[in-house]
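> First, the structure itself, so that you have it in front of you.
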Amino acid sequence: MQELHIPEGINYECTGCGKCCTGWTVPMTPQDHKRISAVDWGAESERYAGRKLFRLLKDYEKAGTPYSHAICPGDDGFCPFLVDNLCYIHGQYGGAFKPSMCQLFPYCFNETPSGVYATVSFVSMGVVYNSGKALAEQKELLEQKLELFRRMYPGHHPNWSRLQLAVGRPMSWDQYLEHEKQLLAFLNDRTLPIEERMLKGSQYLVSQLGAPQAVQLGPEAAALNKLDRHLLTALHRMYFPARPLGKGECDFNIWRFAYQFLYQGARIAFPDRSFTFEELHGFPWPSGDADIEDLLYRYFFSRIFGKLYFGAGFGQLSLLTGFHHLILTLALIKLQAKAWAKSRGAPRVSMVDMVATIRELEKRLGESRLGGWEAGAWELFLQSPMRARRLLAYA
Ligand code: SF4
């Protein structure tokens, strides 16, 4: 049995808001589909009479997943089984009858050479607000969820053998664990703003390459260059799409990126309008807001603790590039939250903007895949600590 590692300081309890049951495809394994579609839902409730409730997943949707079908959302985008903010399937037949994904949500697991690391998805409102009991006090439940996860993903044995600190700098798992300890120690230093804590992590990793460079955040940071702007634009389009993404648009594509770099402008797109980087840069950020700082801390802590940002945890990226991608996502979070606040006419970013932003990012990160060519391009673009510094100073 592998050791199950549970993060400290992360709580979860379902708040019953029903928001997890909208905004994404609810997938079903062949067993889920067989079990749930065998019920005559039209006879159970009039609301389901004559209604198409399930659909086959398209080939590109099911590639590399254990799923075959999905629940068709209603016109309002919600799962049709959500009734008065409660799951109708659960109410009628019990929790174990629901689609496996709904039983597992929001718990996530990542198998590594030193055991399985548990985290929770920040799509859940309960997780975003850190409600309920600490995960550390839910060990028994987490073990049951891990069993379910193993049944759902029997082939989940990520390959952690090709670890690199940076391109061409192999790293052992034990070395990684030492680096992680340092990254988490910087992140945990609540006396500094989160941007500086992340940049200290970047500086530490660069120093491990034997080429220390000063990475300080300040008003003197250089302005964004063309590549910075296009990277932010391309990743913003992927993680915060202003319209539903079509086939092939969900992931980073190097050819599309090259075309956009050469022929298109760089702006932050938002439904019905777009923003220049200058407009968003000038919009006030609530530095020192304890709730926002805490949410950002928990979000980045979870990704690092769960090893969901480098190696087999994310696109086989080197540790340095994976960490710089986290820094880029922090810049995107700030830009998107400012765009939310501006679009609703608020004078500054508040938790409402942050919650919408973090939930959307978490959803899209869970759905995005990074191919070999694209990962190679990211290694090229994201190794630079100075780029990481510019992105954060300008967000
Ligand atoms: S099946 Fe139930 S838990 Fe799953 S998305 Fe629908 S309402 Fe929510």
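Ordered as shown in the structure tokens, chains take letters A, B, and onward, while each chain numbers its residues from 1 and ligands are numbered from 1 in the order shown.
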Where does range 35-143 of chain A meet range 2-23 of chain A within 6 Å, residue by residue, with the nearest atom pair and distance in Å to one decimal for each, counting only C-alpha atoms, listed by chain and rising number, as JSON lines?

{"residue": "A:Gly77", "atom": "CA", "partner": "A:Thr22", "partner_atom": "CA", "distance": 5.8}
{"residue": "A:Phe78", "atom": "CA", "partner": "A:Thr22", "partner_atom": "CA", "distance": 4.3}
{"residue": "A:Cys79", "atom": "CA", "partner": "A:Cys21", "partner_atom": "CA", "distance": 5.6}
{"residue": "A:Asn85", "atom": "CA", "partner": "A:Gly18", "partner_atom": "CA", "distance": 4.8}
{"residue": "A:Gly115", "atom": "CA", "partner": "A:Glu3", "partner_atom": "CA", "distance": 4.7}
{"residue": "A:Val116", "atom": "CA", "partner": "A:Leu4", "partner_atom": "CA", "distance": 4.9}
{"residue": "A:Tyr117", "atom": "CA", "partner": "A:His5", "partner_atom": "CA", "distance": 4.8}
{"residue": "A:Ala118", "atom": "CA", "partner": "A:Ile6", "partner_atom": "CA", "distance": 5.4}
{"residue": "A:Ser124", "atom": "CA", "partner": "A:Cys20", "partner_atom": "CA", "distance": 5.9}
{"residue": "A:Gly126", "atom": "CA", "partner": "A:Cys14", "partner_atom": "CA", "distance": 5.4}
{"residue": "A:Val127", "atom": "CA", "partner": "A:Tyr12", "partner_atom": "CA", "distance": 5.2}
{"residue": "A:Asn130", "atom": "CA", "partner": "A:Asn11", "partner_atom": "CA", "distance": 4.9}
{"residue": "A:Ser131", "atom": "CA", "partner": "A:Tyr12", "partner_atom": "CA", "distance": 5.2}
{"residue": "A:Gly132", "atom": "CA", "partner": "A:Glu13", "partner_atom": "CA", "distance": 4.6}
{"residue": "A:Lys133", "atom": "CA", "partner": "A:Asn11", "partner_atom": "CA", "distance": 5.3}
{"residue": "A:Ala134", "atom": "CA", "partner": "A:Asn11", "partner_atom": "CA", "distance": 4.0}
{"residue": "A:Leu135", "atom": "CA", "partner": "A:Asn11", "partner_atom": "CA", "distance": 5.3}
{"residue": "A:Ala136", "atom": "CA", "partner": "A:Ile6", "partner_atom": "CA", "distance": 5.8}
> Write as a PyMOL selection string the residues around ligand 1, taking 9 Å as the cut-off and counting only C-alpha atoms and all ligand atoms.
chain A and resi 18-22+24-27+71+73+78-83+85-90+95+98-103+105
> Could you please take those selected residues and save C-alpha atoms as an mmCIF file, in the first residue's frame?

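Result file follows (again-v7.cif):
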data_model
loop_
_atom_site.group_PDB
_atom_site.id
_atom_site.type_symbol
_atom_site.label_atom_id
_atom_site.label_comp_id
_atom_site.auth_asym_id
_atom_site.auth_seq_id
_atom_site.Cartn_x
_atom_site.Cartn_y
_atom_site.Cartn_z
ATOM 1 C CA GLY A 18 -25.259 23.216 -6.757
ATOM 2 C CA LYS A 19 -22.606 25.182 -8.670
ATOM 3 C CA CYS A 20 -20.450 22.102 -9.266
ATOM 4 C CA CYS A 21 -23.283 20.677 -11.368
ATOM 5 C CA THR A 22 -23.024 23.254 -14.157
ATOM 6 C CA TRP A 24 -18.889 21.423 -17.709
ATOM 7 C CA THR A 25 -19.517 18.038 -19.230
ATOM 8 C CA VAL A 26 -20.532 15.471 -16.591
ATOM 9 C CA PRO A 27 -18.838 12.309 -17.941
ATOM 10 C CA ILE A 71 -25.138 13.760 -19.180
ATOM 11 C CA PRO A 73 -27.141 19.648 -19.727
ATOM 12 C CA PHE A 78 -27.172 22.784 -15.313
ATOM 13 C CA CYS A 79 -27.204 19.001 -15.034
ATOM 14 C CA PRO A 80 -30.866 17.994 -15.403
ATOM 15 C CA PHE A 81 -30.576 15.848 -12.279
ATOM 16 C CA LEU A 82 -29.940 18.893 -10.100
ATOM 17 C CA VAL A 83 -33.307 19.632 -8.512
ATOM 18 C CA ASN A 85 -29.807 22.216 -5.480
ATOM 19 C CA LEU A 86 -29.877 18.500 -4.665
ATOM 20 C CA CYS A 87 -28.892 15.546 -6.837
ATOM 21 C CA TYR A 88 -32.061 13.695 -7.854
ATOM 22 C CA ILE A 89 -30.118 10.490 -8.627
ATOM 23 C CA HIS A 90 -28.558 10.590 -5.162
ATOM 24 C CA GLY A 95 -24.716 8.369 -3.546
ATOM 25 C CA LYS A 98 -24.382 8.698 -9.176
ATOM 26 C CA PRO A 99 -21.800 8.942 -11.988
ATOM 27 C CA SER A 100 -18.374 7.963 -10.621
ATOM 28 C CA MET A 101 -17.027 11.453 -11.294
ATOM 29 C CA CYS A 102 -19.749 12.978 -9.098
ATOM 30 C CA GLN A 103 -18.920 10.479 -6.331
ATOM 31 C CA PHE A 105 -15.581 15.139 -6.853
#
> Between A:Ala258, A:Ile292, A:Leu280, A:Ala266, which is the closest to Gln336 in chain A once you count only C-alpha atoms?
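Looking at the shortest contact to Gln336 in chain A, the residue is A:Leu280.
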> With only C-alpha atoms as the counted atoms, please give the residues lying no more than 10 Å from range 176-190 of chain A, apart from itself and same-chain residues fewer than 3 positions off, as a short mmCIF file (atom, residue, chain, number, x, y, z; two decimals) with N, CA and C atoms, in the first residue's frame.

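Now in around.cif:
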data_model
loop_
_atom_site.label_atom_id
_atom_site.label_comp_id
_atom_site.auth_asym_id
_atom_site.auth_seq_id
_atom_site.Cartn_x
_atom_site.Cartn_y
_atom_site.Cartn_z
N SER A 114 6.84 8.68 -3.96
CA SER A 114 6.81 8.71 -2.49
C SER A 114 5.38 8.58 -1.94
N LEU A 163 12.46 13.19 -14.75
CA LEU A 163 12.41 14.49 -14.06
C LEU A 163 13.59 15.38 -14.42
N GLN A 164 13.28 16.65 -14.65
CA GLN A 164 14.36 17.61 -14.93
C GLN A 164 14.13 18.87 -14.09
N LEU A 165 15.22 19.39 -13.54
CA LEU A 165 15.13 20.68 -12.85
C LEU A 165 14.90 21.77 -13.90
N MET A 171 16.99 15.32 -12.57
CA MET A 171 16.80 15.50 -11.11
C MET A 171 16.19 14.21 -10.57
N SER A 172 16.62 13.78 -9.39
CA SER A 172 16.01 12.56 -8.81
C SER A 172 14.74 12.98 -8.05
N TRP A 173 13.93 12.00 -7.70
CA TRP A 173 12.70 12.32 -6.93
C TRP A 173 13.05 12.92 -5.57
N PRO A 193 3.88 39.66 0.12
CA PRO A 193 2.80 39.44 -0.84
C PRO A 193 3.07 38.17 -1.65
N ILE A 194 2.03 37.56 -2.13
CA ILE A 194 2.19 36.26 -2.81
C ILE A 194 3.10 36.36 -4.03
N GLU A 195 3.08 37.51 -4.71
CA GLU A 195 3.94 37.66 -5.90
C GLU A 195 5.41 37.48 -5.51
N GLU A 196 5.78 38.11 -4.39
CA GLU A 196 7.18 38.03 -3.97
C GLU A 196 7.54 36.63 -3.50
N ARG A 197 6.57 35.95 -2.87
CA ARG A 197 6.84 34.58 -2.41
C ARG A 197 7.11 33.67 -3.61
N MET A 198 6.30 33.85 -4.67
CA MET A 198 6.48 33.02 -5.86
C MET A 198 7.81 33.36 -6.54
N LEU A 199 8.15 34.64 -6.58
CA LEU A 199 9.42 35.01 -7.22
C LEU A 199 10.62 34.51 -6.43
N LYS A 200 10.46 34.41 -5.11
CA LYS A 200 11.55 33.83 -4.31
C LYS A 200 11.74 32.37 -4.70
N GLY A 201 10.63 31.68 -4.96
CA GLY A 201 10.71 30.29 -5.41
C GLY A 201 11.45 30.20 -6.74
N SER A 202 11.13 31.11 -7.65
CA SER A 202 11.80 31.14 -8.96
C SER A 202 13.29 31.38 -8.77
N TYR A 204 15.08 30.78 -6.16
CA TYR A 204 15.71 29.60 -5.55
C TYR A 204 16.02 28.54 -6.62
N LEU A 205 15.03 28.26 -7.49
CA LEU A 205 15.24 27.22 -8.50
C LEU A 205 16.38 27.62 -9.45
N GLN A 208 19.67 26.98 -8.02
CA GLN A 208 20.05 25.57 -8.02
C GLN A 208 20.70 25.15 -9.33
N ALA A 290 -6.84 39.95 3.16
CA ALA A 290 -6.48 38.66 3.78
C ALA A 290 -7.19 37.48 3.11
N GLU A 293 -5.57 36.86 -0.37
CA GLU A 293 -4.23 36.29 -0.18
C GLU A 293 -4.33 34.83 0.25
N ASP A 294 -5.28 34.55 1.14
CA ASP A 294 -5.43 33.18 1.65
C ASP A 294 -5.88 32.23 0.53
N TYR A 297 -2.96 31.63 -1.69
CA TYR A 297 -2.01 30.75 -1.02
C TYR A 297 -2.49 29.29 -1.11
N ARG A 298 -3.76 29.06 -0.76
CA ARG A 298 -4.26 27.68 -0.75
C ARG A 298 -4.25 27.08 -2.16
N PHE A 300 -2.22 27.84 -4.76
CA PHE A 300 -0.88 27.46 -5.23
C PHE A 300 -0.27 26.38 -4.34
N PHE A 301 -0.58 26.42 -3.06
CA PHE A 301 -0.10 25.35 -2.17
C PHE A 301 -0.63 23.99 -2.66
N ILE A 304 1.15 22.74 -5.77
CA ILE A 304 2.52 22.29 -5.51
C ILE A 304 2.50 21.00 -4.67
N PHE A 305 1.71 20.98 -3.60
CA PHE A 305 1.63 19.78 -2.76
C PHE A 305 1.16 18.58 -3.59
N LYS A 307 1.63 18.06 -6.67
CA LYS A 307 2.57 17.82 -7.78
C LYS A 307 1.85 17.89 -9.12
N LEU A 319 10.92 21.22 -13.75
CA LEU A 319 10.42 21.88 -12.54
C LEU A 319 10.42 23.40 -12.71
N PHE A 323 7.07 25.62 -12.62
CA PHE A 323 6.88 26.64 -11.59
C PHE A 323 6.62 28.00 -12.24
#
> Which residue is closest to His156 in chain A? Choose from A:Pro244, A:Gly371, A:Pro66, A:Gly288 and count only C-alpha atoms.
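Closest candidate: A:Pro66.
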> Could you pull out the alpha helix (DSSP H) residues of range 203-308 of chain A, going by DSSP on the backbone, and write them as a ChimeraX atom specification?
/A:203-208,226-239,254-263,277-281,290-305
> Give the answer as one residue: which of A:Leu53, A:Ala339, A:Val123, A:Cys72 has the shortest atom-to-atom distance to Glu279 in chain A, using only C-alpha atoms?
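Of A:Leu53, A:Ala339, A:Val123, A:Cys72, the one nearest Glu279 in chain A, counting only C-alpha atoms, is A:Ala339.
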> Identify, on the basis of only C-alpha atoms, every residue whose closest approach to Gly366 in chain A does not exceed 10 Å; exclude the query and any residue fewer than 4 positions from it along the same chain; express the result as a ChimeraX atom specification.
/A:121,123,239,308,314,361-362
> Take the residues from that selection and write them out as an mmCIF file, in the first residue's frame, keeping C-alpha atoms.

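The result, written out as part-v1.cif:
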data_model
loop_
_atom_site.group_PDB
_atom_site.id
_atom_site.type_symbol
_atom_site.label_atom_id
_atom_site.label_comp_id
_atom_site.auth_asym_id
_atom_site.auth_seq_id
_atom_site.Cartn_x
_atom_site.Cartn_y
_atom_site.Cartn_z
ATOM 1 C CA SER A 121 -10.594 20.784 -6.885
ATOM 2 C CA VAL A 123 -14.055 24.317 -8.876
ATOM 3 C CA TYR A 239 -7.924 29.193 -19.504
ATOM 4 C CA LEU A 308 0.140 18.979 -10.445
ATOM 5 C CA PHE A 314 1.618 18.528 -15.900
ATOM 6 C CA LEU A 361 -9.081 28.379 -14.229
ATOM 7 C CA GLU A 362 -9.314 25.130 -12.276
#
> Using only C-alpha atoms for the distances, tell me which of A:Pro241, A:Pro385, A:Pro271, A:Pro158 is nearest to His324 in chain A.
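Checking each of A:Pro241, A:Pro385, A:Pro271, A:Pro158 against His324 in chain A, counting only C-alpha atoms, the winner is A:Pro385.
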> If you run DSSP over the backbone, which residues in range 9-186 of chain A end up strand (DSSP E or B)? Put them as a PyMOL selection string.
chain A and resi 11-12+22+26-28+54-56+69-71+78+82-83+86-87+107-112+115-120+133-134+164-166+169-170
> Check the smallest atom-to-atom distance from each of A:Ala341, A:Ala356, A:Ala242, A:Leu56 to Phe270 in chain A using only C-alpha atoms, then report the winner.
A:Ala242
> For a quick check of understanding, using only C-alpha atoms, which of A:Arg267, A:His230, A:Arg150, A:His236 has the smallest distance to Arg364 in chain A?
A:His236
> Met28 in chain A: which residues within 6 Å, counting only C-alpha atoms, same-chain residues fewer than 2 positions away excluded, as a tab-separated table (two decimals) with C-alpha atoms, in the first residue's frame?

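Below you can see around27.tsv, which holds the result:
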chain	number	residue	atom	x	y	z
A	32	ASP	CA	-22.19	4.47	-14.99
A	33	HIS	CA	-24.09	4.78	-18.25
A	67	TYR	CA	-15.50	7.74	-20.04
A	69	HIS	CA	-20.95	9.02	-22.30
A	70	ALA	CA	-22.01	12.30	-20.73
A	99	PRO	CA	-21.80	8.94	-11.99
> Fewer than 2 positions away in the same chain doesn't count, so skip those; otherwise give me all residues within 9 Å of Leu146 in chain A, counting only C-alpha atoms, as a list in words.
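The filter keeps Leu4, Leu104, Tyr107, Cys108, Phe109, Val116, Ala118, Leu141, Leu142, Glu143, Gln144, Leu148, Phe149, Arg150 and Arg151 of chain A.
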> Could you list, as a PyMOL selection string, every residue within 10 Å of Gly282 in chain A, counting only C-alpha atoms and ignoring same-chain residues fewer than 2 positions away?
chain A and resi 277-280+284-285+338+394-395
> Write the residues you've just listed into a file as a PDB file, in the first residue's frame, and include C-alpha atoms for each of them.

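File out_21.pdb, as written:
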ATOM      1  CA  PHE A 277      -2.748  45.156 -20.697  1.00  0.00           C
ATOM      2  CA  GLU A 278      -2.281  48.822 -19.801  1.00  0.00           C
ATOM      3  CA  GLU A 279      -5.961  49.196 -18.830  1.00  0.00           C
ATOM      4  CA  LEU A 280      -5.783  46.189 -16.510  1.00  0.00           C
ATOM      5  CA  PRO A 284      -6.263  48.675  -8.465  1.00  0.00           C
ATOM      6  CA  TRP A 285      -5.362  45.325  -6.938  1.00  0.00           C
ATOM      7  CA  LYS A 338      -9.510  42.756 -12.722  1.00  0.00           C
ATOM      8  CA  TYR A 394       2.626  43.941 -14.972  1.00  0.00           C
ATOM      9  CA  ALA A 395      -0.442  41.928 -13.997  1.00  0.00           C
TER      10      ALA A 395
END
